[in-house]
file model_18.pdb (PDB, C-alpha atoms, pLDDT in the B column)
ATOM      1  CA  MET P   1      -7.180  12.932  -9.829  1.00 41.00           C
ATOM      2  CA  SER P   2      -8.178  15.524 -12.357  1.00 37.00           C
ATOM      3  CA  ASP P   3      -4.669  16.964 -12.160  1.00 42.00           C
ATOM      4  CA  ALA P   4      -3.167  17.019 -15.658  1.00 39.00           C
ATOM      5  CA  GLY P   5       0.112  15.786 -14.148  1.00 46.00           C
ATOM      6  CA  PHE P   6      -1.461  12.632 -12.714  1.00 58.00           C
ATOM      7  CA  ARG P   7       0.553   9.493 -13.437  1.00 75.00           C
ATOM      8  CA  SER P   8      -0.240   6.007 -12.230  1.00 91.00           C
ATOM      9  CA  PHE P   9       2.457   4.076 -10.410  1.00 97.00           C
ATOM     10  CA  MET P  10       0.125   1.106  -9.953  1.00 97.00           C
ATOM     11  CA  PRO P  11       1.796  -0.954 -12.727  1.00 97.00           C
ATOM     12  CA  ARG P  12       5.014  -0.950 -10.677  1.00 97.00           C
ATOM     13  CA  ALA P  13       3.123  -1.927  -7.507  1.00 98.00           C
ATOM     14  CA  LEU P  14       1.456  -4.780  -9.426  1.00 97.00           C
ATOM     15  CA  ALA P  15       4.867  -5.989 -10.654  1.00 98.00           C
ATOM     16  CA  LEU P  16       6.071  -6.018  -7.040  1.00 98.00           C
ATOM     17  CA  ALA P  17       2.965  -8.000  -6.039  1.00 98.00           C
ATOM     18  CA  ARG P  18       3.809 -10.599  -8.685  1.00 98.00           C
ATOM     19  CA  ALA P  19       7.380 -10.794  -7.336  1.00 98.00           C
ATOM     20  CA  ALA P  20       5.981 -11.439  -3.844  1.00 98.00           C
ATOM     21  CA  ALA P  21       3.782 -14.249  -5.221  1.00 97.00           C
ATOM     22  CA  ASP P  22       6.828 -15.815  -6.891  1.00 97.00           C
ATOM     23  CA  MET P  23       8.462 -15.937  -3.442  1.00 96.00           C
ATOM     24  CA  GLY P  24       5.391 -17.536  -1.838  1.00 97.00           C
ATOM     25  CA  GLU P  25       4.364 -14.304  -0.126  1.00 98.00           C
ATOM     26  CA  VAL P  26       0.847 -12.864  -0.281  1.00 97.00           C
ATOM     27  CA  PRO P  27       1.063 -10.752  -3.456  1.00 98.00           C
ATOM     28  CA  ILE P  28       0.948  -7.145  -2.342  1.00 98.00           C
ATOM     29  CA  GLY P  29       3.226  -4.440  -3.702  1.00 98.00           C
ATOM     30  CA  ALA P  30       3.713  -0.826  -2.630  1.00 98.00           C
ATOM     31  CA  VAL P  31       5.435   2.195  -4.139  1.00 98.00           C
ATOM     32  CA  ILE P  32       6.066   5.572  -2.521  1.00 98.00           C
ATOM     33  CA  VAL P  33       6.370   8.587  -4.780  1.00 98.00           C
ATOM     34  CA  LYS P  34       7.469  12.157  -4.091  1.00 97.00           C
ATOM     35  CA  ASP P  35       7.418  14.882  -6.717  1.00 96.00           C
ATOM     36  CA  GLY P  36       6.627  12.337  -9.421  1.00 95.00           C
ATOM     37  CA  GLU P  37       9.634  10.110  -8.591  1.00 96.00           C
ATOM     38  CA  VAL P  38       9.684   6.698  -6.919  1.00 97.00           C
ATOM     39  CA  ILE P  39      11.626   7.008  -3.676  1.00 98.00           C
ATOM     40  CA  ALA P  40      10.840   3.596  -2.171  1.00 98.00           C
ATOM     41  CA  GLU P  41       9.122   0.344  -3.006  1.00 98.00           C
ATOM     42  CA  ALA P  42       8.521  -3.029  -1.427  1.00 98.00           C
ATOM     43  CA  HIS P  43       6.410  -6.153  -1.487  1.00 98.00           C
ATOM     44  CA  ASN P  44       5.071  -8.324   1.291  1.00 98.00           C
ATOM     45  CA  SER P  45       7.745 -10.427   2.963  1.00 98.00           C
ATOM     46  CA  PRO P  46       6.597 -11.550   6.444  1.00 98.00           C
ATOM     47  CA  ARG P  47       7.380 -15.208   5.732  1.00 97.00           C
ATOM     48  CA  THR P  48      10.761 -14.496   4.162  1.00 97.00           C
ATOM     49  CA  ASP P  49      11.769 -12.020   6.878  1.00 97.00           C
ATOM     50  CA  HIS P  50      10.106 -13.919   9.758  1.00 98.00           C
ATOM     51  CA  ASP P  51       8.477 -10.589  10.626  1.00 98.00           C
ATOM     52  CA  PRO P  52       4.704 -10.188  10.980  1.00 98.00           C
ATOM     53  CA  THR P  53       5.069  -6.437  10.354  1.00 98.00           C
ATOM     54  CA  ALA P  54       6.813  -6.890   6.981  1.00 98.00           C
ATOM     55  CA  HIS P  55       3.818  -5.752   4.971  1.00 98.00           C
ATOM     56  CA  ALA P  56       4.566  -3.998   1.678  1.00 98.00           C
ATOM     57  CA  GLU P  57       3.334  -0.634   2.978  1.00 98.00           C
ATOM     58  CA  ILE P  58       5.372  -0.780   6.200  1.00 98.00           C
ATOM     59  CA  LEU P  59       8.571  -1.734   4.368  1.00 98.00           C
ATOM     60  CA  ALA P  60       8.055   0.979   1.744  1.00 98.00           C
ATOM     61  CA  ILE P  61       7.376   3.586   4.457  1.00 98.00           C
ATOM     62  CA  ARG P  62      10.563   2.599   6.311  1.00 98.00           C
ATOM     63  CA  ARG P  63      12.612   2.824   3.124  1.00 98.00           C
ATOM     64  CA  ALA P  64      11.097   6.179   2.132  1.00 98.00           C
ATOM     65  CA  ALA P  65      11.772   7.642   5.585  1.00 98.00           C
ATOM     66  CA  GLN P  66      15.405   6.500   5.315  1.00 98.00           C
ATOM     67  CA  ALA P  67      15.709   7.907   1.788  1.00 98.00           C
ATOM     68  CA  LEU P  68      14.330  11.286   2.877  1.00 98.00           C
ATOM     69  CA  GLY P  69      16.029  11.319   6.278  1.00 98.00           C
ATOM     70  CA  ASP P  70      12.698  12.183   7.902  1.00 98.00           C
ATOM     71  CA  GLU P  71       9.979  10.205   9.667  1.00 97.00           C
ATOM     72  CA  ARG P  72       7.337  12.389   8.039  1.00 98.00           C
ATOM     73  CA  LEU P  73       6.622  11.631   4.422  1.00 98.00           C
ATOM     74  CA  THR P  74       4.953  14.958   3.748  1.00 97.00           C
ATOM     75  CA  GLY P  75       4.003  15.387   0.104  1.00 97.00           C
ATOM     76  CA  CYS P  76       4.367  11.667  -0.627  1.00 98.00           C
ATOM     77  CA  GLU P  77       1.938   9.307  -2.311  1.00 98.00           C
ATOM     78  CA  LEU P  78       1.570   5.610  -1.525  1.00 98.00           C
ATOM     79  CA  TRP P  79       0.460   3.262  -4.303  1.00 98.00           C
ATOM     80  CA  VAL P  80      -0.512  -0.201  -3.048  1.00 98.00           C
ATOM     81  CA  THR P  81      -2.270  -3.164  -4.632  1.00 98.00           C
ATOM     82  CA  LEU P  82      -4.643  -3.947  -1.737  1.00 98.00           C
ATOM     83  CA  GLU P  83      -6.607  -1.867   0.756  1.00 98.00           C
ATOM     84  CA  PRO P  84      -4.302  -1.381   3.773  1.00 98.00           C
ATOM     85  CA  CYS P  85      -4.923  -3.240   7.025  1.00 98.00           C
ATOM     86  CA  ALA P  86      -5.259  -1.419  10.369  1.00 98.00           C
ATOM     87  CA  MET P  87      -1.514  -1.629  11.083  1.00 98.00           C
ATOM     88  CA  CYS P  88      -0.600  -0.182   7.699  1.00 98.00           C
ATOM     89  CA  ALA P  89      -3.315   2.486   7.802  1.00 98.00           C
ATOM     90  CA  GLY P  90      -1.969   3.583  11.186  1.00 98.00           C
ATOM     91  CA  ALA P  91       1.554   3.796   9.772  1.00 98.00           C
ATOM     92  CA  ILE P  92       0.257   5.796   6.784  1.00 98.00           C
ATOM     93  CA  ALA P  93      -1.339   8.300   9.173  1.00 98.00           C
ATOM     94  CA  HIS P  94       1.767   8.532  11.388  1.00 98.00           C
ATOM     95  CA  ALA P  95       3.991   9.023   8.334  1.00 98.00           C
ATOM     96  CA  ARG P  96       1.735  11.875   7.147  1.00 98.00           C
ATOM     97  CA  ILE P  97       1.417  10.427   3.645  1.00 98.00           C
ATOM     98  CA  GLN P  98      -0.515  12.925   1.525  1.00 98.00           C
ATOM     99  CA  ARG P  99      -2.299  10.561  -0.880  1.00 98.00           C
ATOM    100  CA  LEU P 100      -3.127   6.859  -0.777  1.00 98.00           C
ATOM    101  CA  TYR P 101      -3.985   5.023  -3.993  1.00 98.00           C
ATOM    102  CA  TYR P 102      -4.997   1.384  -3.710  1.00 98.00           C
ATOM    103  CA  ALA P 103      -6.193  -1.155  -6.235  1.00 97.00           C
ATOM    104  CA  ALA P 104      -8.422  -3.834  -4.698  1.00 97.00           C
ATOM    105  CA  SER P 105     -10.697  -3.475  -1.695  1.00 97.00           C
ATOM    106  CA  ASP P 106     -10.290  -5.960   1.154  1.00 97.00           C
ATOM    107  CA  PRO P 107     -13.589  -6.583   2.969  1.00 96.00           C
ATOM    108  CA  LYS P 108     -11.948  -9.141   5.310  1.00 95.00           C
ATOM    109  CA  GLY P 109      -8.768  -7.339   6.372  1.00 96.00           C
ATOM    110  CA  GLY P 110      -8.929  -3.810   5.026  1.00 97.00           C
ATOM    111  CA  ALA P 111      -9.164  -0.868   7.407  1.00 98.00           C
ATOM    112  CA  VAL P 112      -9.727   2.102   5.092  1.00 98.00           C
ATOM    113  CA  GLU P 113     -13.195   1.532   3.624  1.00 97.00           C
ATOM    114  CA  HIS P 114     -13.840  -1.631   5.656  1.00 97.00           C
ATOM    115  CA  GLY P 115     -13.348  -2.794   9.229  1.00 95.00           C
ATOM    116  CA  ALA P 116     -11.759  -0.215  11.517  1.00 96.00           C
ATOM    117  CA  ARG P 117     -11.934   2.607   8.948  1.00 97.00           C
ATOM    118  CA  VAL P 118      -8.835   4.053  10.582  1.00 98.00           C
ATOM    119  CA  PHE P 119      -8.881   7.421   8.813  1.00 98.00           C
ATOM    120  CA  GLU P 120     -12.461   8.088   9.967  1.00 96.00           C
ATOM    121  CA  GLN P 121     -11.609   7.698  13.663  1.00 96.00           C
ATOM    122  CA  GLU P 122     -11.499  10.791  15.869  1.00 95.00           C
ATOM    123  CA  GLN P 123      -8.075   9.697  17.155  1.00 94.00           C
ATOM    124  CA  CYS P 124      -6.577   9.720  13.655  1.00 95.00           C
ATOM    125  CA  LEU P 125      -4.518  12.907  13.515  1.00 92.00           C
ATOM    126  CA  HIS P 126      -3.737  12.763   9.787  1.00 96.00           C
ATOM    127  CA  ARG P 127      -6.011  11.651   6.980  1.00 97.00           C
ATOM    128  CA  PRO P 128      -4.567  11.155   3.512  1.00 98.00           C
ATOM    129  CA  GLU P 129      -6.581  11.730   0.381  1.00 98.00           C
ATOM    130  CA  VAL P 130      -7.763   8.247  -0.612  1.00 98.00           C
ATOM    131  CA  TYR P 131      -8.343   6.922  -4.135  1.00 97.00           C
ATOM    132  CA  SER P 132      -9.357   3.308  -4.709  1.00 96.00           C
ATOM    133  CA  GLY P 133     -10.006   0.977  -7.617  1.00 95.00           C
ATOM    134  CA  ILE P 134      -6.938   1.863  -9.700  1.00 95.00           C
ATOM    135  CA  GLY P 135      -5.837  -1.447 -11.243  1.00 94.00           C
ATOM    136  CA  GLU P 136      -8.446  -3.263  -9.177  1.00 96.00           C
ATOM    137  CA  ALA P 137      -9.200  -6.094 -11.621  1.00 96.00           C
ATOM    138  CA  GLU P 138      -5.542  -6.976 -12.145  1.00 96.00           C
ATOM    139  CA  ALA P 139      -4.734  -6.837  -8.423  1.00 97.00           C
ATOM    140  CA  ALA P 140      -7.745  -9.028  -7.618  1.00 96.00           C
ATOM    141  CA  ASP P 141      -6.713 -11.526 -10.326  1.00 97.00           C
ATOM    142  CA  ILE P 142      -3.179 -11.755  -8.909  1.00 97.00           C
ATOM    143  CA  LEU P 143      -4.547 -12.422  -5.406  1.00 96.00           C
ATOM    144  CA  ARG P 144      -7.170 -14.907  -6.614  1.00 96.00           C
ATOM    145  CA  GLU P 145      -4.597 -16.881  -8.628  1.00 96.00           C
ATOM    146  CA  PHE P 146      -2.160 -16.931  -5.700  1.00 96.00           C
ATOM    147  CA  PHE P 147      -4.720 -18.342  -3.259  1.00 94.00           C
ATOM    148  CA  LYS P 148      -6.099 -20.776  -5.861  1.00 93.00           C
ATOM    149  CA  LYS P 149      -2.626 -22.318  -6.183  1.00 89.00           C
ATOM    150  CA  ARG P 150      -2.257 -22.585  -2.405  1.00 84.00           C
ATOM    151  CA  ARG P 151      -5.483 -24.531  -1.874  1.00 78.00           C
TER     152      ARG P 151
END
call {"tool": "encode", "arguments": {"input": "model_18.pdb", "output": "structure tokens"}}
result
Amino acid sequence: MSDAGFRSFMPRALALARAAADMGEVPIGAVIVKDGEVIAEAHNSPRTDHDPTAHAEILAIRRAAQALGDERLTGCELWVTLEPCAMCAGAIAHARIQRLYYAASDPKGGAVEHGARVFEQEQCLHRPEVYSGIGEAEAADILREFFKKRR
């Protein structure tokens, strides 16, 4: 991240997380960037879509692949508000995303630095560069507030 051209897209992902919360969805937002431009974005919507795979990362990956006309998102960055789960980490590897930036760690369901540690497995054929903690406090606050209201 020492690149002078580094720009954070986490504020947009956080805005998408807030939009998900407003819809009653777990507040997670994701943005996919190529060459410094947003090419796809999404927030969690499994309840709205009646689709257990409708995680923010999966939806953003699908949209980016459509936008690029390619199943490989070579040279793309994924900005997401929470550490990806095993399903999403697998999709990130299959999509060949170059860099993953995530805000808050997820000790219960995360699979990057916790749990399955998908990118560390021998079977993982592509490992993105991973950067965590960008916007962590704000992402954690959004999640905490969402679950506080639901209890």
call {"tool": "resolve_selection", "arguments": {"input": "model_18.pdb", "expression": "the PyMOL selection byres ((chain P and resi 48-54) around 9)", "output": "VMD selection string"}}
result
chain P and resid 23 to 25 43 to 47 55 to 59 87 to 88
call {"tool": "atom_distance", "arguments": {"input": "model_18.pdb", "atom1": "CA of Arg151 in chain P", "atom2": "CA of Pro84 in chain P"}}
result
23.9 Å
call {"tool": "closest_atom_pairs", "arguments": {"input": "model_18.pdb", "of": "range 25-141 of chain P", "to": "range 10-14 of chain P", "cutoff": "10 Å", "atoms": "all atoms listed in the file", "output": "tab-separated table"}}
result
residue	atom	partner	partner_atom	distance
P:Pro27	CA	P:Leu14	CA	8.5
P:Ile28	CA	P:Leu14	CA	7.5
P:Gly29	CA	P:Ala13	CA	4.6
P:Ala30	CA	P:Ala13	CA	5.0
P:Val31	CA	P:Ala13	CA	5.8
P:Ile32	CA	P:Ala13	CA	9.5
P:Val38	CA	P:Arg12	CA	9.7
P:Glu41	CA	P:Ala13	CA	7.8
P:Ala42	CA	P:Ala13	CA	8.2
P:His43	CA	P:Ala13	CA	8.1
P:Ala56	CA	P:Ala13	CA	9.5
P:Leu78	CA	P:Met10	CA	9.7
P:Trp79	CA	P:Met10	CA	6.1
P:Val80	CA	P:Ala13	CA	6.0
P:Thr81	CA	P:Ala13	CA	6.2
P:Leu82	CA	P:Leu14	CA	9.8
P:Tyr101	CA	P:Met10	CA	8.2
P:Tyr102	CA	P:Met10	CA	8.1
P:Ala103	CA	P:Met10	CA	7.7
P:Ile134	CA	P:Met10	CA	7.1
P:Gly135	CA	P:Met10	CA	6.6
P:Glu136	CA	P:Met10	CA	9.7
P:Glu138	CA	P:Leu14	CA	7.8
P:Ala139	CA	P:Leu14	CA	6.6
call {"tool": "atom_distance", "arguments": {"input": "model_18.pdb", "atom1": "CA of Arg99 in chain P", "atom2": "CA of Val130 in chain P"}}
result
5.9 Å
call {"tool": "atom_distance", "arguments": {"input": "model_18.pdb", "atom1": "CA of Arg7 in chain P", "atom2": "CA of Ala140 in chain P"}}
result
21.1 Å
call {"tool": "resolve_selection", "arguments": {"input": "model_18.pdb", "expression": "the PyMOL selection byres ((chain P and resi 89) around 10)", "output": "list in words"}}
result
Glu57, Ile58, Glu83, Pro84, Cys85, Ala86, Met87, Cys88, Gly90, Ala91, Ile92, Ala93, His94, Ala95, Leu100, Gly110, Ala111, Val112, Ala116, Arg117, Val118, Phe119, Cys124, Arg127 and Pro128 of chain P
call {"tool": "axis_aligned_box", "arguments": {"input": "model_18.pdb", "around": "range 112-120 of chain P", "padding_each_side": "8 Å", "output": "AutoDock Vina command-line options"}}
result
--center_x -11.3 --center_y 2.6 --center_z 7.6 --size_x 21.0 --size_y 26.9 --size_z 23.9
call {"tool": "residues_around", "arguments": {"input": "model_18.pdb", "residues": "Val33 in chain P", "least_positions_apart": "5", "cutoff": "6 Å", "atoms": "only C-alpha atoms", "output": "list in words"}}
result
Val38, Ile39, Cys76 and Glu77 of chain P
call {"tool": "decode", "arguments": {"input": "model_18.pdb", "residues": "range 41-53 of chain P", "atoms": "all heavy atoms", "output": "compact mmCIF listing (two decimals), in the first residue's frame"}}
result
# COMPACT_ATOMS: atom_id res chain seq x y z
N GLU P 41 -20.36 -3.14 -7.74
CA GLU P 41 -20.55 -2.99 -6.29
C GLU P 41 -21.82 -3.72 -5.90
O GLU P 41 -22.69 -3.97 -6.74
CB GLU P 41 -20.61 -1.53 -5.89
CG GLU P 41 -21.70 -0.74 -6.54
CD GLU P 41 -21.70 0.73 -6.15
OE1 GLU P 41 -20.61 1.30 -5.92
OE2 GLU P 41 -22.79 1.30 -6.07
N ALA P 42 -21.89 -4.05 -4.62
CA ALA P 42 -23.07 -4.76 -4.11
C ALA P 42 -23.06 -4.73 -2.60
O ALA P 42 -22.05 -4.42 -1.98
CB ALA P 42 -23.08 -6.21 -4.60
N HIS P 43 -24.22 -5.07 -2.02
CA HIS P 43 -24.29 -5.29 -0.59
C HIS P 43 -25.00 -6.61 -0.36
O HIS P 43 -25.60 -7.17 -1.28
CB HIS P 43 -24.99 -4.13 0.14
CG HIS P 43 -26.39 -3.86 -0.30
ND1 HIS P 43 -27.43 -4.74 -0.09
CD2 HIS P 43 -26.92 -2.80 -0.95
CE1 HIS P 43 -28.54 -4.24 -0.58
NE2 HIS P 43 -28.26 -3.05 -1.12
N ASN P 44 -24.91 -7.11 0.85
CA ASN P 44 -25.58 -8.37 1.18
C ASN P 44 -27.06 -8.28 0.85
O ASN P 44 -27.69 -7.25 1.11
CB ASN P 44 -25.44 -8.65 2.68
CG ASN P 44 -24.27 -9.53 3.00
OD1 ASN P 44 -23.38 -9.71 2.20
ND2 ASN P 44 -24.28 -10.08 4.20
N SER P 45 -27.60 -9.35 0.29
CA SER P 45 -29.05 -9.39 0.06
C SER P 45 -29.62 -10.81 0.04
O SER P 45 -30.54 -11.09 -0.71
CB SER P 45 -29.41 -8.65 -1.23
OG SER P 45 -28.83 -9.27 -2.35
N PRO P 46 -29.13 -11.74 0.90
CA PRO P 46 -29.70 -13.08 0.90
C PRO P 46 -31.17 -13.13 1.31
O PRO P 46 -31.93 -13.92 0.75
CB PRO P 46 -28.84 -13.87 1.87
CG PRO P 46 -27.89 -12.94 2.48
CD PRO P 46 -27.98 -11.63 1.77
N ARG P 47 -31.57 -12.28 2.24
CA ARG P 47 -32.98 -12.29 2.66
C ARG P 47 -33.87 -11.71 1.57
O ARG P 47 -34.91 -12.26 1.24
CB ARG P 47 -33.14 -11.50 3.96
CG ARG P 47 -32.57 -12.22 5.16
CD ARG P 47 -32.74 -11.43 6.45
NE ARG P 47 -32.29 -12.20 7.58
CZ ARG P 47 -31.06 -12.17 8.06
NH1 ARG P 47 -30.15 -11.38 7.52
NH2 ARG P 47 -30.72 -12.91 9.09
N THR P 48 -33.45 -10.60 1.02
CA THR P 48 -34.22 -9.93 -0.04
C THR P 48 -34.35 -10.83 -1.27
O THR P 48 -35.43 -10.95 -1.85
CB THR P 48 -33.54 -8.61 -0.43
OG1 THR P 48 -33.45 -7.78 0.74
CG2 THR P 48 -34.32 -7.87 -1.50
N ASP P 49 -33.23 -11.44 -1.66
CA ASP P 49 -33.20 -12.26 -2.88
C ASP P 49 -33.59 -13.71 -2.65
O ASP P 49 -33.66 -14.48 -3.61
CB ASP P 49 -31.80 -12.23 -3.49
CG ASP P 49 -31.39 -10.86 -3.98
OD1 ASP P 49 -32.25 -9.95 -4.05
OD2 ASP P 49 -30.20 -10.68 -4.30
N HIS P 50 -33.82 -14.10 -1.38
CA HIS P 50 -34.09 -15.50 -1.05
C HIS P 50 -33.00 -16.39 -1.64
O HIS P 50 -33.27 -17.40 -2.31
CB HIS P 50 -35.48 -15.94 -1.54
CG HIS P 50 -36.57 -15.03 -1.08
ND1 HIS P 50 -36.97 -14.95 0.23
CD2 HIS P 50 -37.31 -14.12 -1.75
CE1 HIS P 50 -37.93 -14.05 0.34
NE2 HIS P 50 -38.14 -13.53 -0.85
N ASP P 51 -31.74 -15.98 -1.40
CA ASP P 51 -30.59 -16.65 -2.00
C ASP P 51 -29.44 -16.67 -0.98
O ASP P 51 -28.86 -15.63 -0.70
CB ASP P 51 -30.16 -15.89 -3.27
CG ASP P 51 -28.93 -16.48 -3.94
OD1 ASP P 51 -28.34 -17.46 -3.43
OD2 ASP P 51 -28.55 -15.94 -4.99
N PRO P 52 -29.13 -17.83 -0.43
CA PRO P 52 -28.07 -17.90 0.58
C PRO P 52 -26.69 -17.52 0.04
O PRO P 52 -25.79 -17.25 0.82
CB PRO P 52 -28.10 -19.36 1.06
CG PRO P 52 -28.74 -20.10 -0.06
CD PRO P 52 -29.70 -19.15 -0.71
N THR P 53 -26.52 -17.49 -1.27
CA THR P 53 -25.23 -17.11 -1.84
C THR P 53 -25.14 -15.62 -2.16
O THR P 53 -24.13 -15.16 -2.69
CB THR P 53 -24.93 -17.90 -3.14
OG1 THR P 53 -25.81 -17.49 -4.17
CG2 THR P 53 -25.02 -19.40 -2.91
